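S.K.: Starting off with a structure, shown below.
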Amino acid sequence: MQWLPVLLACLQLAEGAVRISLKKGLSIREKMRTAGVLDDFLKHIKYAPVKRYQQGQGSVVRQSITNHLDSSYFGEISIGEPPQKFLVLFDTGSSNLWVPSTDCKSPACLLSEQQPPLSFAWLTWDPLSLQIQSITVTNQEFGLSQDEPTQPFYFAEFDGILGMAYPSLAVGGMATALEGMLDQNQLAEPIFSFYFSRQPTYEYGGELILGGTDPQFFQGDITWAPVTEKLYWQVALEEFAVEQSARSWCSQGCQAIVDTGTFLLTVPQEYIESILEALGAQETSFGSNGYCTLAIEVTYLPSQDGQPLWILGDVFLKEYYTIFDMANNRVGFALSV
């Protein structure tokens, strides 16, 4: 695989690029732990951070919110006219846009801290407009969740999910929000980028820039990695180093999904003991569930081509300003400031 260093001056904040400020809230896991209900919940629900990467069958979708137990960065969108606001996860690990419907009567839906669910008049098969600041996408298709279990969704600080992966991952062949932005010329450039603050607060946890990049958020050159499969934002890993010491873990090739909708760094099963040893850590028991204070979990699934699979979540992406280039099918990484 070829790496493509690019000078900072080559990518400036494009005129017309849109900034979305990301809020940093407590994760569902943190709020459930504070409420004293986490251990009991985990006894009955197997938390599988890579379950979301398995392909489903048929048109009926059940996306477990346990896949977002540790997600805590979200921003605001509006749907319909007059616009109703929702806080959503901007998720590069999925492709659909989901918000709660008024058919959802569970406490998690009824007690949303943001806005009421969509009105009954909107419960049709007709697409509605999507607004993200100055961006407007007309006739945007989206999913309406019919049921949200009280645990854990009651503890979520976000309302829904805006998927930013490839259209081939979209459930039911539904047009993605990014497709709509591109088709309707709403982006200054066919790229978007994420900055996660090293010292996040609820009011400012970082930024998503649609249609551009901002060099004030990173330093040094950008390293580009080609997308190896146009499903997720998946790239090849050639080497892994701990404290500048290279390991041989990926000498035969590895794959990694760059996922803003996952907080954790997940590690292939065959490498977990080695990485914990290299970091001077060990697996401990938190309640009844294996828990790692390093925010590392096991990836028990291989990639589509059978190579060991890593998932680079927010704990990794806080260190690297990340650029998603839709035109050239590549992901760029540069050290965050």
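Simple scheme: letters A, B, ... for chains in structure tokens order, numbers from 1 for residues in each chain, numbers from 1 for ligands in the order shown.
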Just the residues within 8 Å of stretch 205-210 of chain A, please, counting only C-alpha atoms, with nothing from its chain fewer than 3 positions along; format it as an NGL selection string.

M.R.: :A and (17-24 or 73 or 187 or 191-197 or 199-202 or 213-214)

S.K.: For A:Gly173, find every residue with an atom within 12 Å (counting only C-alpha atoms), except residues of its own chain fewer than 6 positions away, and show them as a ChimeraX atom specification.

M.R.: /A:58-59,95-96,141-143,166-167,179

S.K.: So that I can check the surroundings of A:Ser245, please list as number ranges by chain every protein, DNA and RNA residue that reaches within 10 Å of it, counting only C-alpha atoms and ignoring chain neighbours fewer than 4 positions away.

M.R.: A: 240-241, 278

S.K.: Given only C-alpha atoms as the basis, pick out the residue of A:Gln234, A:Glu229, A:Asp159, A:Ser129 nearest to A:Leu87.

M.R.: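 So, comparing all the options, the nearest one is A:Asp159.
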
S.K.: Rounded to one decimal in Å, what is the spacing between atom CA of A:Val298 and atom CA of A:Tyr320?

M.R.: 21.8 Å

S.K.: Write out as a list in words the set of residues from stretch 237-285 of chain A that DSSP, computed on the backbone, places in alpha helix (DSSP H).

M.R.: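 Alpha helix (DSSP H) members of stretch 237-285 of chain A, listed: Ile272, Glu273, Ser274, Ile275, Leu276, Glu277 and Ala278 of chain A.
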
S.K.: Filtering to C-alpha atoms, could you give me those residues as a CSV table (one decimal), in the first residue's frame?

M.R.:
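What landed in result39.csv:
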chain,number,residue,atom,x,y,z
A,272,ILE,CA,-5.2,-8.6,22.7
A,273,GLU,CA,-2.8,-10.3,25.1
A,274,SER,CA,0.2,-9.0,23.4
A,275,ILE,CA,-1.1,-5.4,23.3
A,276,LEU,CA,-2.1,-5.5,27.0
A,277,GLU,CA,1.3,-6.8,27.9
A,278,ALA,CA,3.1,-4.2,25.8

S.K.: As an exercise, work out the distance from atom CA of A:Val258 to atom CA of A:Ile161 in Å and give it to one decimal place.

M.R.: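 Taking atom CA of A:Val258 as the start and atom CA of A:Ile161 as the end point, the length is 16.4 Å.
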
S.K.: Excluding A:Gly332 and its own-chain neighbours fewer than 3 positions away, which residues fall within 12 Å of it when counting only C-alpha atoms? Please give them as a PyMOL selection string.

M.R.: chain A and resi 3-8+11+191-194+213+218+221-227+233-235+258+317+320-326+328-329+335

S.K.: Got time to write the residues from that selection, N, CA, C and O atoms, as a CSV table (one decimal), in the first residue's frame?

M.R.:
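Output file again_3.csv is given in full below:
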chain,number,residue,atom,x,y,z
A,3,TRP,N,1.6,5.2,0.7
A,3,TRP,CA,1.2,6.3,1.6
A,3,TRP,C,1.4,7.6,0.9
A,3,TRP,O,2.5,7.8,0.3
A,4,LEU,N,0.5,8.6,1.0
A,4,LEU,CA,0.6,9.8,0.3
A,4,LEU,C,0.7,11.0,1.2
A,4,LEU,O,-0.3,11.5,1.7
A,5,PRO,N,1.9,11.5,1.6
A,5,PRO,CA,2.0,12.7,2.4
A,5,PRO,C,1.6,13.9,1.6
A,5,PRO,O,2.0,14.0,0.5
A,6,VAL,N,0.9,14.8,2.2
A,6,VAL,CA,0.4,16.0,1.6
A,6,VAL,C,0.7,17.2,2.5
A,6,VAL,O,0.5,17.1,3.7
A,7,LEU,N,1.3,18.3,1.9
A,7,LEU,CA,1.6,19.4,2.7
A,7,LEU,C,0.4,20.1,3.2
A,7,LEU,O,-0.7,20.1,2.6
A,8,LEU,N,0.5,20.7,4.4
A,8,LEU,CA,-0.6,21.4,5.0
A,8,LEU,C,-1.2,22.4,4.1
A,8,LEU,O,-2.5,22.6,4.0
A,11,LEU,N,-4.4,21.7,1.6
A,11,LEU,CA,-5.8,21.6,2.0
A,11,LEU,C,-6.2,22.7,3.0
A,11,LEU,O,-5.7,22.7,4.1
A,191,ILE,N,-15.6,16.2,0.6
A,191,ILE,CA,-14.9,15.7,1.7
A,191,ILE,C,-15.6,16.1,3.0
A,191,ILE,O,-16.4,17.1,3.0
A,192,PHE,N,-15.3,15.5,4.1
A,192,PHE,CA,-15.7,15.9,5.4
A,192,PHE,C,-14.6,15.5,6.4
A,192,PHE,O,-13.8,14.6,6.1
A,193,SER,N,-14.5,16.2,7.5
A,193,SER,CA,-13.4,15.9,8.4
A,193,SER,C,-13.9,16.1,9.9
A,193,SER,O,-14.8,16.8,10.2
A,194,PHE,N,-13.2,15.4,10.8
A,194,PHE,CA,-13.5,15.4,12.2
A,194,PHE,C,-12.3,15.8,13.0
A,194,PHE,O,-11.2,15.4,12.8
A,213,THR,N,-11.7,21.1,5.2
A,213,THR,CA,-10.8,20.8,6.3
A,213,THR,C,-10.3,22.1,6.9
A,213,THR,O,-10.5,23.2,6.4
A,218,PHE,N,-4.7,20.6,13.1
A,218,PHE,CA,-3.7,19.6,13.0
A,218,PHE,C,-2.4,20.2,12.6
A,218,PHE,O,-2.2,21.4,12.3
A,221,ASP,N,2.3,16.8,8.3
A,221,ASP,CA,1.7,16.3,7.0
A,221,ASP,C,0.5,15.4,7.2
A,221,ASP,O,0.3,14.9,8.3
A,222,ILE,N,-0.3,15.3,6.2
A,222,ILE,CA,-1.4,14.4,6.2
A,222,ILE,C,-1.0,13.1,5.5
A,222,ILE,O,-0.4,13.1,4.4
A,223,THR,N,-1.3,12.0,6.2
A,223,THR,CA,-1.0,10.7,5.6
A,223,THR,C,-2.3,10.1,5.1
A,223,THR,O,-3.3,10.0,5.8
A,224,TRP,N,-2.3,9.7,3.8
A,224,TRP,CA,-3.5,9.2,3.2
A,224,TRP,C,-3.5,7.7,3.1
A,224,TRP,O,-2.4,7.1,2.8
A,225,ALA,N,-4.6,7.1,3.4
A,225,ALA,CA,-4.7,5.6,3.3
A,225,ALA,C,-5.9,5.3,2.4
A,225,ALA,O,-7.0,5.8,2.6
A,226,PRO,N,-5.7,4.6,1.3
A,226,PRO,CA,-6.8,4.2,0.4
A,226,PRO,C,-7.9,3.4,1.0
A,226,PRO,O,-7.5,2.5,1.9
A,227,VAL,N,-9.1,3.6,0.7
A,227,VAL,CA,-10.2,2.7,1.2
A,227,VAL,C,-10.0,1.4,0.5
A,227,VAL,O,-9.9,1.3,-0.7
A,233,TRP,N,-15.6,2.9,6.1
A,233,TRP,CA,-14.3,3.6,5.7
A,233,TRP,C,-13.2,2.7,6.3
A,233,TRP,O,-12.7,2.9,7.4
A,234,GLN,N,-12.9,1.7,5.5
A,234,GLN,CA,-12.0,0.7,5.9
A,234,GLN,C,-10.6,0.9,5.1
A,234,GLN,O,-10.6,1.1,3.9
A,235,VAL,N,-9.5,0.8,5.9
A,235,VAL,CA,-8.2,1.0,5.3
A,235,VAL,C,-7.3,-0.2,5.8
A,235,VAL,O,-7.6,-0.9,6.7
A,258,VAL,N,-12.5,2.9,10.3
A,258,VAL,CA,-12.4,4.2,10.9
A,258,VAL,C,-13.8,4.7,11.3
A,258,VAL,O,-14.6,5.0,10.4
A,317,LEU,N,-9.2,8.5,17.5
A,317,LEU,CA,-9.4,9.6,16.6
A,317,LEU,C,-9.1,10.9,17.3
A,317,LEU,O,-8.9,12.0,16.7
A,320,TYR,N,-5.8,12.1,16.2
A,320,TYR,CA,-5.6,12.4,14.8
A,320,TYR,C,-6.8,13.1,14.1
A,320,TYR,O,-7.9,12.6,14.2
A,321,TYR,N,-6.5,14.2,13.6
A,321,TYR,CA,-7.5,14.9,12.7
A,321,TYR,C,-7.7,14.0,11.5
A,321,TYR,O,-6.8,13.5,10.9
A,322,THR,N,-9.0,13.7,11.2
A,322,THR,CA,-9.3,12.7,10.2
A,322,THR,C,-10.1,13.2,9.1
A,322,THR,O,-11.2,13.9,9.3
A,323,ILE,N,-9.7,13.0,7.9
A,323,ILE,CA,-10.3,13.5,6.7
A,323,ILE,C,-10.9,12.4,5.8
A,323,ILE,O,-10.2,11.4,5.5
A,324,PHE,N,-12.1,12.5,5.4
A,324,PHE,CA,-12.8,11.4,4.6
A,324,PHE,C,-13.0,12.0,3.2
A,324,PHE,O,-13.8,12.9,3.1
A,325,ASP,N,-12.3,11.5,2.3
A,325,ASP,CA,-12.3,12.0,0.9
A,325,ASP,C,-13.2,11.1,0.1
A,325,ASP,O,-12.8,10.0,-0.3
A,326,MET,N,-14.4,11.6,-0.2
A,326,MET,CA,-15.4,10.8,-0.9
A,326,MET,C,-15.0,10.7,-2.4
A,326,MET,O,-15.3,9.7,-3.1
A,328,ASN,N,-12.0,10.6,-3.9
A,328,ASN,CA,-10.8,9.7,-4.1
A,328,ASN,C,-10.8,8.5,-3.3
A,328,ASN,O,-9.8,7.7,-3.3
A,329,ASN,N,-11.8,8.2,-2.5
A,329,ASN,CA,-11.9,7.0,-1.7
A,329,ASN,C,-10.7,6.8,-0.8
A,329,ASN,O,-10.0,5.8,-1.0
A,335,LEU,N,-1.7,14.6,12.9
A,335,LEU,CA,-1.7,14.8,14.3
A,335,LEU,C,-2.6,15.9,14.7
A,335,LEU,O,-2.4,17.0,14.2

S.K.: Find the distance between atom CA of A:Gly253 and atom CA of A:Ile311 and write it in Å to one decimal.

M.R.: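 Atom CA of A:Ile311 lies at a distance of 14.6 Å from atom CA of A:Gly253.
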
S.K.: My list of candidates is A:Ala281, A:Ala327, A:Leu309, A:Met181. Which is closest to A:Cys250 when distances are computed with only C-alpha atoms?

M.R.: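 Answer, going by the shortest atom-to-atom distance: A:Leu309.
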
S.K.: Write out as number ranges by chain which residues come within 12 Å of A:Gln184 when counting only C-alpha atoms, dropping same-chain ones fewer than 5 positions away.

M.R.: A: 129-130, 135-140, 177-179, 190
